[in-house]
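J.: File protein_24.tsv below, TSV, C-alpha atoms:
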chain	number	residue	atom	x	y	z
A	1299	MET	CA	-6.94	-7.40	34.58
A	1300	ALA	CA	-6.76	-9.22	31.25
A	1301	GLU	CA	-9.37	-9.89	28.59
A	1302	GLU	CA	-9.09	-11.64	25.26
A	1303	ARG	CA	-11.29	-11.18	22.22
A	1304	ARG	CA	-11.26	-12.90	18.86
A	1305	PHE	CA	-11.09	-10.99	15.59
A	1306	LEU	CA	-10.19	-11.58	11.96
A	1307	SER	CA	-7.12	-10.34	10.18
A	1308	ALA	CA	-7.18	-8.57	6.81
A	1309	SER	CA	-6.57	-11.90	5.04
A	1310	GLY	CA	-9.22	-13.78	7.01
A	1311	VAL	CA	-7.16	-15.75	9.56
A	1312	PRO	CA	-8.40	-15.65	13.15
A	1313	ILE	CA	-6.39	-13.51	15.55
A	1314	ALA	CA	-6.84	-12.74	19.23
A	1315	LEU	CA	-6.45	-9.39	20.97
A	1316	ARG	CA	-5.48	-9.41	24.64
A	1317	ARG	CA	-5.80	-6.24	26.67
A	1318	ARG	CA	-4.13	-5.89	30.06
A	1319	GLN	CA	-4.30	-2.85	32.27
A	1320	HIS	CA	-1.25	-2.77	34.51
A	1321	SER	CA	-2.10	0.56	36.13
A	1322	ALA	CA	-4.02	3.74	35.44
A	1323	SER	CA	-1.46	4.96	32.94
A	1324	CYS	CA	-0.02	1.68	31.63
A	1325	ARG	CA	-1.69	-0.67	29.18
A	1326	GLU	CA	-0.51	-3.64	27.18
A	1327	LEU	CA	-2.27	-4.74	23.98
A	1328	ALA	CA	-1.12	-7.98	22.36
A	1329	VAL	CA	-2.29	-9.42	19.05
A	1330	ARG	CA	-1.66	-13.14	18.63
A	1331	GLY	CA	-1.75	-14.82	15.25
A	1332	PRO	CA	-2.43	-18.50	14.59
A	1333	ARG	CA	0.34	-20.98	15.36
A	1334	LEU	CA	2.11	-22.93	12.62
A	1335	GLN	CA	-0.38	-25.53	11.41
A	1336	LEU	CA	0.68	-29.16	11.15
A	1337	ARG	CA	-1.17	-29.63	7.85
A	1338	SER	CA	0.58	-26.74	6.09
A	1339	LEU	CA	3.94	-27.91	7.43
A	1340	SER	CA	3.38	-31.48	6.19
A	1341	ALA	CA	2.03	-30.21	2.86
A	1342	ALA	CA	5.14	-28.10	2.26
A	1343	THR	CA	7.50	-30.89	3.34
A	1344	SER	CA	5.78	-33.51	1.16
A	1345	ALA	CA	5.80	-31.17	-1.84
A	1346	VAL	CA	9.54	-30.53	-1.52
A	1347	TRP	CA	10.33	-34.22	-0.97
A	1348	LEU	CA	8.12	-35.37	-3.87
A	1349	ALA	CA	9.84	-32.88	-6.17
A	1350	ALA	CA	13.24	-34.10	-4.95
A	1351	TYR	CA	12.22	-37.72	-5.51
A	1352	GLY	CA	11.05	-36.86	-9.03
A	1353	LEU	CA	14.39	-35.17	-9.69
A	1354	PHE	CA	16.20	-38.22	-8.29
A	1355	ALA	CA	14.20	-40.51	-10.59
A	1356	LEU	CA	15.36	-38.35	-13.52
A	1357	CYS	CA	19.06	-37.97	-12.73
A	1358	GLU	CA	19.81	-41.00	-10.49
A	1359	ASN	CA	21.92	-38.89	-8.13
A	1360	SER	CA	21.21	-39.64	-4.49
A	1361	MET	CA	22.66	-36.31	-3.38
A	1362	VAL	CA	19.37	-34.74	-4.49
A	1363	LEU	CA	17.52	-36.54	-1.70
A	1364	SER	CA	19.91	-35.49	1.05
A	1365	ALA	CA	19.96	-31.96	-0.32
A	1366	ALA	CA	16.15	-31.87	-0.18
A	1367	ILE	CA	16.15	-32.96	3.47
A	1368	PHE	CA	18.77	-30.35	4.30
A	1369	ILE	CA	16.88	-27.62	2.46
A	1370	THR	CA	13.64	-28.51	4.22
A	1371	LEU	CA	15.23	-28.35	7.65
A	1372	LEU	CA	17.09	-25.13	6.95
A	1373	GLY	CA	14.03	-23.53	5.40
A	1374	LEU	CA	11.90	-24.44	8.41
A	1375	ILE	CA	14.43	-22.99	10.85
A	1376	ILE	CA	14.78	-19.77	8.85
A	1377	TYR	CA	11.01	-19.46	8.56
A	1378	LEU	CA	10.42	-19.94	12.28
A	1379	HIS	CA	13.20	-17.59	13.30
A	1380	PHE	CA	12.86	-14.75	10.81
A	1381	VAL	CA	9.43	-14.86	9.21
A	1382	LYS	CA	6.70	-16.32	11.39
A	1383	ILE	CA	5.59	-13.77	13.95
A	1384	ASP	CA	3.41	-15.27	16.67
A	1385	GLN	CA	2.56	-12.26	18.77
A	1386	GLU	CA	2.89	-8.52	18.38
A	1387	SER	CA	2.34	-6.41	21.44
A	1388	LEU	CA	2.09	-2.75	22.25
A	1389	LEU	CA	2.92	-1.47	25.74
A	1390	VAL	CA	1.81	2.11	26.32
A	1391	ILE	CA	3.18	3.76	29.46
A	1392	GLY	CA	1.84	7.27	29.84
A	1393	SER	CA	4.58	9.90	30.28
A	1394	LEU	CA	7.32	7.36	29.53
A	1395	GLY	CA	6.84	5.95	26.06
A	1396	ILE	CA	5.55	3.19	23.83
A	1397	GLN	CA	7.20	-0.21	23.45
A	1398	VAL	CA	6.52	-2.40	20.41
A	1399	THR	CA	7.49	-6.09	20.65
A	1400	SER	CA	7.35	-8.82	18.02
A	1401	ALA	CA	7.71	-12.41	19.20
A	1402	TYR	CA	8.77	-14.93	16.56
A	1403	ALA	CA	7.80	-18.61	16.54
A	1404	SER	CA	11.33	-19.67	17.46
A	1405	GLY	CA	11.16	-17.59	20.64
A	1406	LYS	CA	13.10	-14.59	19.36
A	1407	GLU	CA	11.72	-11.24	20.45
A	1408	SER	CA	12.42	-7.95	18.75
A	1409	THR	CA	11.65	-4.79	20.70
A	1410	THR	CA	11.48	-1.10	19.84
A	1411	PHE	CA	10.96	1.67	22.36
A	1412	ILE	CA	9.75	5.15	21.43
A	1413	GLU	CA	9.82	7.77	24.16
A	1414	MET	CA	6.72	9.86	24.78
A	1415	GLY	CA	8.41	13.12	23.80
A	1416	GLN	CA	8.72	11.88	20.23
A	1417	VAL	CA	5.20	10.52	19.94
A	1418	LYS	CA	2.78	12.90	18.31
A	1419	ASP	CA	-0.21	10.59	18.11
A	1420	VAL	CA	-1.38	7.03	17.48
A	1421	VAL	CA	-3.80	6.96	14.54
A	1422	ILE	CA	-5.55	4.53	12.23
A	1423	ASN	CA	-4.41	5.27	8.70
A	1424	GLU	CA	-5.60	3.75	5.44
A	1425	ALA	CA	-3.22	3.10	2.60
A	1426	ILE	CA	-2.84	1.02	-0.54
A	1427	HIS	CA	-0.96	-2.20	0.10
A	1428	MET	CA	-0.57	-4.81	-2.67
A	1429	GLN	CA	-3.80	-4.15	-4.61
A	1430	LYS	CA	-5.80	-3.73	-1.41
A	1431	VAL	CA	-6.66	-0.74	0.73
A	1432	ILE	CA	-6.05	-1.64	4.35
A	1433	TYR	CA	-6.47	0.08	7.68
A	1434	TYR	CA	-3.43	-0.05	9.89
A	1435	LEU	CA	-2.47	1.46	13.19
A	1436	CYS	CA	0.58	3.68	13.21
A	1437	ILE	CA	2.52	5.92	15.58
A	1438	LEU	CA	3.21	9.43	14.29
A	1439	LEU	CA	6.56	10.78	15.44
A	1440	GLN	CA	6.92	14.53	15.65
A	1441	ASP	CA	9.64	16.69	14.19
A	1442	PRO	CA	11.82	18.23	16.90
A	1443	GLU	CA	11.92	21.56	15.02
A	1444	ASP	CA	8.26	21.82	14.02
A	1445	PRO	CA	5.80	20.40	16.56
A	1446	GLN	CA	2.98	20.41	14.02
A	1447	ALA	CA	4.77	18.35	11.37
A	1448	VAL	CA	5.02	14.57	11.28
A	1449	SER	CA	8.59	13.41	10.77
A	1450	GLU	CA	8.05	9.66	10.65
A	1451	VAL	CA	5.30	7.06	10.53
A	1452	VAL	CA	5.81	3.76	12.38
A	1453	PRO	CA	3.27	1.14	11.28
A	1454	LEU	CA	2.20	-1.38	13.94
A	1455	PHE	CA	0.89	-4.95	13.76
A	1456	GLN	CA	2.38	-5.41	10.32
A	1457	SER	CA	2.31	-9.19	10.19
A	1458	SER	CA	-1.03	-9.88	11.86
A	1459	LYS	CA	-2.83	-6.99	10.05
A	1460	PRO	CA	-5.99	-6.78	12.16
A	1461	ARG	CA	-9.19	-5.43	10.66
A	1462	LEU	CA	-10.87	-2.17	11.56
A	1463	ASP	CA	-12.93	-3.51	14.49
A	1464	CYS	CA	-9.82	-4.73	16.30
A	1465	LEU	CA	-7.92	-1.55	15.41
A	1466	ILE	CA	-10.66	0.64	16.87
A	1467	GLU	CA	-10.35	-1.20	20.20
A	1468	VAL	CA	-6.59	-0.69	20.27
A	1469	TYR	CA	-6.98	2.92	19.17
A	1470	LYS	CA	-9.44	3.72	21.95
A	1471	SER	CA	-7.20	2.13	24.57
A	1472	CYS	CA	-4.17	4.07	23.35
A	1473	GLN	CA	-6.05	7.37	23.18
A	1474	GLU	CA	-7.20	7.03	26.78
A	1475	ILE	CA	-3.57	6.92	27.88
A	1476	LEU	CA	-2.36	9.58	25.43
A	1477	GLU	CA	-5.02	12.05	26.55
A	1478	GLN	CA	-3.61	11.94	30.05
A	1479	ARG	CA	-0.42	13.60	28.93
A	1480	LYS	CA	-2.38	16.69	27.91
A	1481	THR	CA	-4.11	16.95	31.27
A	1482	ALA	CA	-1.20	15.75	33.42
A	1483	PRO	CA	0.90	18.98	33.43
A	1484	GLN	CA	-2.04	20.91	34.83
A	1485	SER	CA	-2.89	18.35	37.49
A	1486	SER	CA	0.72	17.94	38.72
B	590	GLU	CA	-11.92	26.53	-31.03
B	591	ASN	CA	-11.35	22.82	-30.56
B	592	SER	CA	-14.66	21.17	-31.39
B	593	PRO	CA	-14.89	17.53	-32.45
B	594	ALA	CA	-17.29	18.35	-35.30
B	595	PRO	CA	-16.51	16.97	-38.76
B	596	LEU	CA	-14.84	19.55	-41.06
B	597	PRO	CA	-13.83	19.33	-44.73
B	598	GLU	CA	-10.12	19.52	-43.78
B	599	ARG	CA	-10.52	16.62	-41.38
B	600	ALA	CA	-12.19	14.54	-44.08
B	601	ILE	CA	-9.22	15.18	-46.39
B	602	TYR	CA	-6.66	14.31	-43.66
B	603	GLY	CA	-8.60	11.12	-42.91
B	604	PHE	CA	-8.72	10.05	-46.55
B	605	ALA	CA	-5.01	10.80	-47.01
B	606	LEU	CA	-4.17	8.69	-43.96
B	607	PHE	CA	-6.44	5.92	-45.22
B	608	LEU	CA	-4.71	5.82	-48.61
B	609	GLY	CA	-1.30	6.09	-46.96
B	610	SER	CA	-1.92	3.19	-44.59
B	611	TRP	CA	-3.20	0.99	-47.42
B	612	PHE	CA	-0.12	1.87	-49.48
B	613	GLY	CA	2.17	1.08	-46.57
B	614	PHE	CA	0.45	-2.26	-45.99
B	615	ILE	CA	0.65	-3.31	-49.67
B	616	LEU	CA	4.31	-2.28	-49.72
B	617	TYR	CA	4.98	-4.39	-46.60
B	618	LEU	CA	3.24	-7.41	-48.18
B	619	ILE	CA	5.24	-7.04	-51.41
B	620	TRP	CA	8.50	-6.77	-49.49
B	621	ALA	CA	7.67	-9.78	-47.31
B	622	TYR	CA	6.35	-12.17	-49.99
B	623	VAL	CA	7.86	-11.31	-53.39
B	624	PRO	CA	11.15	-13.27	-53.89
B	625	GLU	CA	14.32	-11.19	-53.92
B	626	THR	CA	15.30	-12.20	-57.45
B	627	TRP	CA	12.12	-10.73	-58.92
B	628	LEU	CA	12.71	-7.45	-57.06
B	629	PHE	CA	16.35	-7.34	-58.23
B	630	SER	CA	15.26	-7.91	-61.83
B	631	LEU	CA	13.02	-4.87	-61.53
B	632	GLY	CA	16.02	-2.86	-60.38
B	633	LEU	CA	14.90	-2.38	-56.73
B	634	THR	CA	17.92	-3.59	-54.77
B	635	TYR	CA	18.00	-1.40	-51.64
B	636	TRP	CA	15.54	-3.24	-49.32
B	637	PRO	CA	16.09	-4.24	-45.70
B	638	GLN	CA	16.62	-7.95	-45.04
B	639	LYS	CA	13.45	-10.02	-45.17
B	640	TYR	CA	14.29	-11.24	-41.66
B	641	TRP	CA	12.81	-7.98	-40.39
B	642	ALA	CA	9.43	-8.64	-42.03
B	643	VAL	CA	8.89	-11.31	-39.37
B	644	ALA	CA	11.04	-9.88	-36.59
B	645	LEU	CA	9.41	-6.44	-36.31
B	646	PRO	CA	5.83	-7.66	-35.72
B	647	VAL	CA	7.12	-10.15	-33.17
B	648	TYR	CA	9.07	-7.40	-31.38
B	649	LEU	CA	5.97	-5.23	-31.36
B	650	LEU	CA	3.68	-7.89	-29.89
B	651	VAL	CA	6.20	-8.93	-27.24
B	652	SER	CA	6.68	-5.31	-26.16
B	653	VAL	CA	2.91	-4.85	-25.89
B	654	GLY	CA	2.75	-7.90	-23.63
B	655	ILE	CA	5.72	-6.72	-21.55
B	656	GLY	CA	4.14	-3.25	-21.40
B	657	TYR	CA	1.18	-4.60	-19.45
B	658	ILE	CA	3.47	-6.20	-16.87
B	659	LEU	CA	5.77	-3.14	-16.82
B	660	LEU	CA	2.90	-0.74	-16.18
B	661	PHE	CA	1.63	-2.94	-13.37
B	662	GLY	CA	5.12	-3.03	-11.85
B	663	ILE	CA	5.66	0.73	-12.16
B	664	ASN	CA	2.35	1.31	-10.43
B	665	MET	CA	3.31	-0.94	-7.57
B	666	MET	CA	6.70	0.73	-7.22
B	667	SER	CA	5.20	4.24	-7.14
B	668	THR	CA	2.76	3.36	-4.38
B	669	ALA	CA	3.97	4.92	-1.16
B	670	PRO	CA	5.06	2.31	1.41
B	671	LEU	CA	3.12	2.03	4.64
B	672	ASN	CA	5.78	3.85	6.66
B	673	SER	CA	6.06	6.98	4.50
B	674	THR	CA	4.62	10.36	5.45
B	675	HIS	CA	3.12	10.65	1.96
B	676	THR	CA	0.20	8.53	3.18
B	677	ILE	CA	-0.63	11.24	5.74
B	678	THR	CA	0.19	14.60	4.25
B	679	ASP	CA	1.98	16.39	1.43
B	680	ASN	CA	3.63	19.74	0.67
B	681	PHE	CA	0.39	21.57	-0.05
B	682	ALA	CA	-1.22	20.46	3.19
B	683	ARG	CA	1.81	21.43	5.25
B	684	LYS	CA	1.96	24.95	3.86
B	685	GLN	CA	-1.74	25.72	4.01
B	686	GLN	CA	-2.81	28.80	5.93
B	687	GLN	CA	-5.56	28.78	8.50
B	688	LYS	CA	-8.40	31.18	7.77
B	689	LYS	CA	-10.09	32.81	10.73
B	690	PHE	CA	-13.31	31.20	11.87
B	691	GLN	CA	-16.35	33.40	11.18
B	692	GLU	CA	-19.69	32.90	12.90
B	693	GLU	CA	-22.51	31.51	10.70
B	694	ALA	CA	-20.28	31.20	7.65
B	695	ILE	CA	-19.31	27.93	5.98
B	696	PRO	CA	-15.77	27.12	7.17
B	697	ALA	CA	-13.05	27.50	4.56
B	698	LEU	CA	-11.89	24.41	2.71
B	699	ARG	CA	-8.76	22.91	4.27
B	700	ASP	CA	-6.95	19.63	4.74
B	701	ILE	CA	-7.95	18.21	8.14
B	702	PRO	CA	-5.10	16.57	10.07
B	703	ILE	CA	-5.38	12.84	10.49
B	704	SER	CA	-5.54	12.97	14.31
B	705	GLU	CA	-8.68	15.10	14.14
B	706	VAL	CA	-10.27	12.82	11.52
B	707	ASN	CA	-9.55	9.78	13.67
B	708	ARG	CA	-11.06	11.36	16.75
B	709	MET	CA	-14.17	12.21	14.78
B	710	PHE	CA	-14.56	8.71	13.36
B	711	PHE	CA	-13.47	6.36	16.07
B	712	LEU	CA	-13.96	7.98	19.45
B	713	PRO	CA	-17.56	8.17	20.67
B	714	GLU	CA	-19.18	11.58	20.68
B	715	ARG	CA	-18.75	13.54	23.88
For the file at hand, write its structure as structure tokens.

T.:
Amino acid sequence: MAEERRFLSASGVPIALRRRQHSASCRELAVRGPRLQLRSLSAATSAVWLAAYGLFALCENSMVLSAAIFITLLGLIIYLHFVKIDQESLLVIGSLGIQVTSAYASGKESTTFIEMGQVKDVVINEAIHMQKVIYYLCILLQDPEDPQAVSEVVPLFQSSKPRLDCLIEVYKSCQEILEQRKTAPQSS
Amino acid sequence: ENSPAPLPERAIYGFALFLGSWFGFILYLIWAYVPETWLFSLGLTYWPQKYWAVALPVYLLVSVGIGYILLFGINMMSTAPLNSTHTITDNFARKQQQKKFQEEAIPALRDIPISEVNRMFFLPER
């Protein structure tokens, strides 16, 4: 059972949230950002090549042109592989843990798994980020010594930065699964 | 007490500062503009180099400009990053003591944990 809804990110780009329920205690929430646009790619490439051509007109050294081509290609590969995140997903499996995956535009996927014993709660926090106050979803990890204290905060959806309406949907879905771990010991 | 009302002593301090600042300014102008030979002929030889008459104001203005950027940068550096626990709680909130709940009394002031606040805001009322 999958459904997809469109939202806006904190900077105004359209993002899509896809919710899939695999079973009663397992849910996957994926936020997909926009793909690399052809117009921004051509704008960046033309800017670099025009600058290189201007430099070549000044210093008459043809190495500048080949260096510009090389830099453009290398920069594009580095951007696609390390910077541009296409999809961030959250897989919540009640009683097992939470898995956070980031899929880059080059196909690389980076995954983190947090077991349920360490998870204290999933909350929407607001904080100051670069002259803006943003809402972001985060996982609170609990201290092994003191169950009431929060030892670490893991922010989620860092590159797509959804707005509050999208975050509330994700929060409600996560809380439905997390509540089961309070009632599960009594029922089993 | 410390009241901002005008007093005779304050009037005297103000006038002394006024005269002192005018004197300092006239002295600075003399040092910057009067040629060295005239000053030497008067017998006043122990002055700093005239280079400083231009350099010090320039230093001052450049540091004021850098100060704006520096303050902005220090502010950005002191802002807690998104993954720090300082965005959620602090030492005072961790050590606070729970007062017992009394019927029909206003509850004591305390720092509410973020999970409770979230449930109140974002989950529909049950």

J.: Have a look at A:Ala1328, A:Val1468, A:Leu1334, A:Met1414 and name the one nearest to chain B; count all atoms listed in the file.

T.: A:Val1468

J.: Enumerate, in order of chain and increasing residue number, the residues of chain A with an atom no farther than 7 Å from chain B, each with its shortest atom pair and distance in Å to one decimal, counting all atoms listed in the file, as CSV.

T.:
residue,atom,partner,partner_atom,distance
A:Asp1419,CA,B:Ser704,CA,7.0
A:Val1421,CA,B:Ser704,CA,6.3
A:Ile1422,CA,B:Asn707,CA,6.8
A:Ala1425,CA,B:Thr676,CA,6.4
A:Glu1450,CA,B:Thr674,CA,6.3
A:Val1451,CA,B:Asn672,CA,5.1
A:Val1452,CA,B:Asn672,CA,5.7
A:Pro1453,CA,B:Asn672,CA,5.9
A:Ile1466,CA,B:Phe711,CA,6.4
A:Lys1470,CA,B:Leu712,CA,6.7

J.: In Å, with one decimal, what is the gap from CA of Gly1392 (chain A) to CA of Ala1322 (chain A)?

T.: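 Between CA of Gly1392 (chain A) and CA of Ala1322 (chain A) the gap is 8.8 Å.
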
J.: Do a neighbour search on Leu1389 (chain A) at 9 Å with only C-alpha atoms, toss out local chain neighbours closer than 4 positions, and write the hits as a list in words.

T.: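 Near Leu1389 (chain A), the qualifying residues are Cys1324, Arg1325, Glu1326, Leu1327, Ala1328, Gly1395, Ile1396, Gln1397, Val1398 and Thr1399 of chain A.
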
J.: Please compute the CA of Tyr617 (chain B)-CA of Tyr657 (chain B) distance, one decimal, in Å.

T.: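 According to the coordinates, CA of Tyr617 (chain B) and CA of Tyr657 (chain B) are separated by 27.4 Å.
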
J.: Got a minute to add all heavy atoms to region 698-709 of chain B and dump it as a JSON list (two decimals), keeping the file's coordinate frame?

T.:
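This went into result.json:
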[["chain", "number", "residue", "atom", "x", "y", "z"],
["B", 698, "LEU", "N", -12.35, 25.74, 3.07],
["B", 698, "LEU", "CA", -11.89, 24.41, 2.71],
["B", 698, "LEU", "C", -10.44, 24.24, 3.16],
["B", 698, "LEU", "O", -9.60, 25.08, 2.88],
["B", 698, "LEU", "CB", -11.98, 24.24, 1.20],
["B", 698, "LEU", "CG", -11.82, 22.85, 0.65],
["B", 698, "LEU", "CD1", -12.99, 22.01, 1.07],
["B", 698, "LEU", "CD2", -11.76, 22.93, -0.86],
["B", 699, "ARG", "N", -10.15, 23.16, 3.88],
["B", 699, "ARG", "CA", -8.76, 22.91, 4.27],
["B", 699, "ARG", "C", -8.56, 21.42, 4.47],
["B", 699, "ARG", "O", -9.52, 20.66, 4.59],
["B", 699, "ARG", "CB", -8.40, 23.67, 5.54],
["B", 699, "ARG", "CG", -9.10, 23.17, 6.76],
["B", 699, "ARG", "CD", -8.71, 23.92, 8.01],
["B", 699, "ARG", "NE", -9.44, 23.36, 9.13],
["B", 699, "ARG", "CZ", -8.89, 22.58, 10.04],
["B", 699, "ARG", "NH1", -7.61, 22.30, 10.00],
["B", 699, "ARG", "NH2", -9.62, 22.08, 11.02],
["B", 700, "ASP", "N", -7.30, 21.03, 4.52],
["B", 700, "ASP", "CA", -6.95, 19.63, 4.74],
["B", 700, "ASP", "C", -6.96, 19.37, 6.25],
["B", 700, "ASP", "O", -6.20, 19.98, 6.98],
["B", 700, "ASP", "CB", -5.56, 19.37, 4.16],
["B", 700, "ASP", "CG", -5.31, 17.90, 3.97],
["B", 700, "ASP", "OD1", -6.28, 17.18, 3.71],
["B", 700, "ASP", "OD2", -4.16, 17.48, 4.10],
["B", 701, "ILE", "N", -7.82, 18.47, 6.70],
["B", 701, "ILE", "CA", -7.95, 18.21, 8.14],
["B", 701, "ILE", "C", -6.88, 17.22, 8.56],
["B", 701, "ILE", "O", -6.70, 16.19, 7.91],
["B", 701, "ILE", "CB", -9.35, 17.65, 8.45],
["B", 701, "ILE", "CG1", -10.41, 18.60, 7.93],
["B", 701, "ILE", "CG2", -9.52, 17.45, 9.93],
["B", 701, "ILE", "CD1", -11.80, 18.11, 8.14],
["B", 702, "PRO", "N", -6.15, 17.50, 9.64],
["B", 702, "PRO", "CA", -5.10, 16.57, 10.07],
["B", 702, "PRO", "C", -5.68, 15.23, 10.49],
["B", 702, "PRO", "O", -6.82, 15.13, 10.94],
["B", 702, "PRO", "CB", -4.46, 17.25, 11.28],
["B", 702, "PRO", "CG", -5.09, 18.55, 11.42],
["B", 702, "PRO", "CD", -6.20, 18.70, 10.47],
["B", 703, "ILE", "N", -4.87, 14.20, 10.33],
["B", 703, "ILE", "CA", -5.38, 12.84, 10.49],
["B", 703, "ILE", "C", -5.79, 12.55, 11.92],
["B", 703, "ILE", "O", -6.71, 11.77, 12.18],
["B", 703, "ILE", "CB", -4.36, 11.81, 9.96],
["B", 703, "ILE", "CG1", -4.97, 10.43, 10.00],
["B", 703, "ILE", "CG2", -3.07, 11.87, 10.74],
["B", 703, "ILE", "CD1", -4.16, 9.40, 9.29],
["B", 704, "SER", "N", -5.15, 13.21, 12.91],
["B", 704, "SER", "CA", -5.54, 12.97, 14.31],
["B", 704, "SER", "C", -6.99, 13.41, 14.54],
["B", 704, "SER", "O", -7.77, 12.72, 15.20],
["B", 704, "SER", "CB", -4.64, 13.75, 15.25],
["B", 704, "SER", "OG", -3.31, 13.55, 14.90],
["B", 705, "GLU", "N", -7.33, 14.59, 13.96],
["B", 705, "GLU", "CA", -8.68, 15.10, 14.14],
["B", 705, "GLU", "C", -9.69, 14.18, 13.46],
["B", 705, "GLU", "O", -10.77, 13.90, 14.01],
["B", 705, "GLU", "CB", -8.75, 16.47, 13.48],
["B", 705, "GLU", "CG", -9.40, 17.53, 14.31],
["B", 705, "GLU", "CD", -9.27, 18.87, 13.63],
["B", 705, "GLU", "OE1", -8.15, 19.42, 13.62],
["B", 705, "GLU", "OE2", -10.29, 19.33, 13.08],
["B", 706, "VAL", "N", -9.36, 13.70, 12.25],
["B", 706, "VAL", "CA", -10.27, 12.82, 11.52],
["B", 706, "VAL", "C", -10.51, 11.55, 12.31],
["B", 706, "VAL", "O", -11.63, 11.06, 12.44],
["B", 706, "VAL", "CB", -9.66, 12.49, 10.14],
["B", 706, "VAL", "CG1", -10.49, 11.46, 9.42],
["B", 706, "VAL", "CG2", -9.56, 13.73, 9.31],
["B", 707, "ASN", "N", -9.42, 11.01, 12.89],
["B", 707, "ASN", "CA", -9.55, 9.78, 13.67],
["B", 707, "ASN", "C", -10.44, 9.97, 14.88],
["B", 707, "ASN", "O", -11.27, 9.12, 15.20],
["B", 707, "ASN", "CB", -8.18, 9.31, 14.13],
["B", 707, "ASN", "CG", -7.60, 8.33, 13.14],
["B", 707, "ASN", "OD1", -7.93, 8.36, 11.98],
["B", 707, "ASN", "ND2", -6.75, 7.47, 13.62],
["B", 708, "ARG", "N", -10.23, 11.11, 15.56],
["B", 708, "ARG", "CA", -11.06, 11.36, 16.75],
["B", 708, "ARG", "C", -12.52, 11.43, 16.37],
["B", 708, "ARG", "O", -13.40, 10.91, 17.06],
["B", 708, "ARG", "CB", -10.64, 12.66, 17.42],
["B", 708, "ARG", "CG", -9.60, 12.47, 18.49],
["B", 708, "ARG", "CD", -9.44, 13.74, 19.28],
["B", 708, "ARG", "NE", -8.72, 14.74, 18.51],
["B", 708, "ARG", "CZ", -7.40, 14.90, 18.56],
["B", 708, "ARG", "NH1", -6.67, 14.14, 19.36],
["B", 708, "ARG", "NH2", -6.81, 15.81, 17.85],
["B", 709, "MET", "N", -12.79, 12.07, 15.23],
["B", 709, "MET", "CA", -14.17, 12.21, 14.78],
["B", 709, "MET", "C", -14.79, 10.86, 14.44],
["B", 709, "MET", "O", -15.95, 10.59, 14.73],
["B", 709, "MET", "CB", -14.16, 13.10, 13.55],
["B", 709, "MET", "CG", -15.31, 14.05, 13.52],
["B", 709, "MET", "SD", -15.23, 15.20, 12.16],
["B", 709, "MET", "CE", -13.57, 15.30, 11.65]]
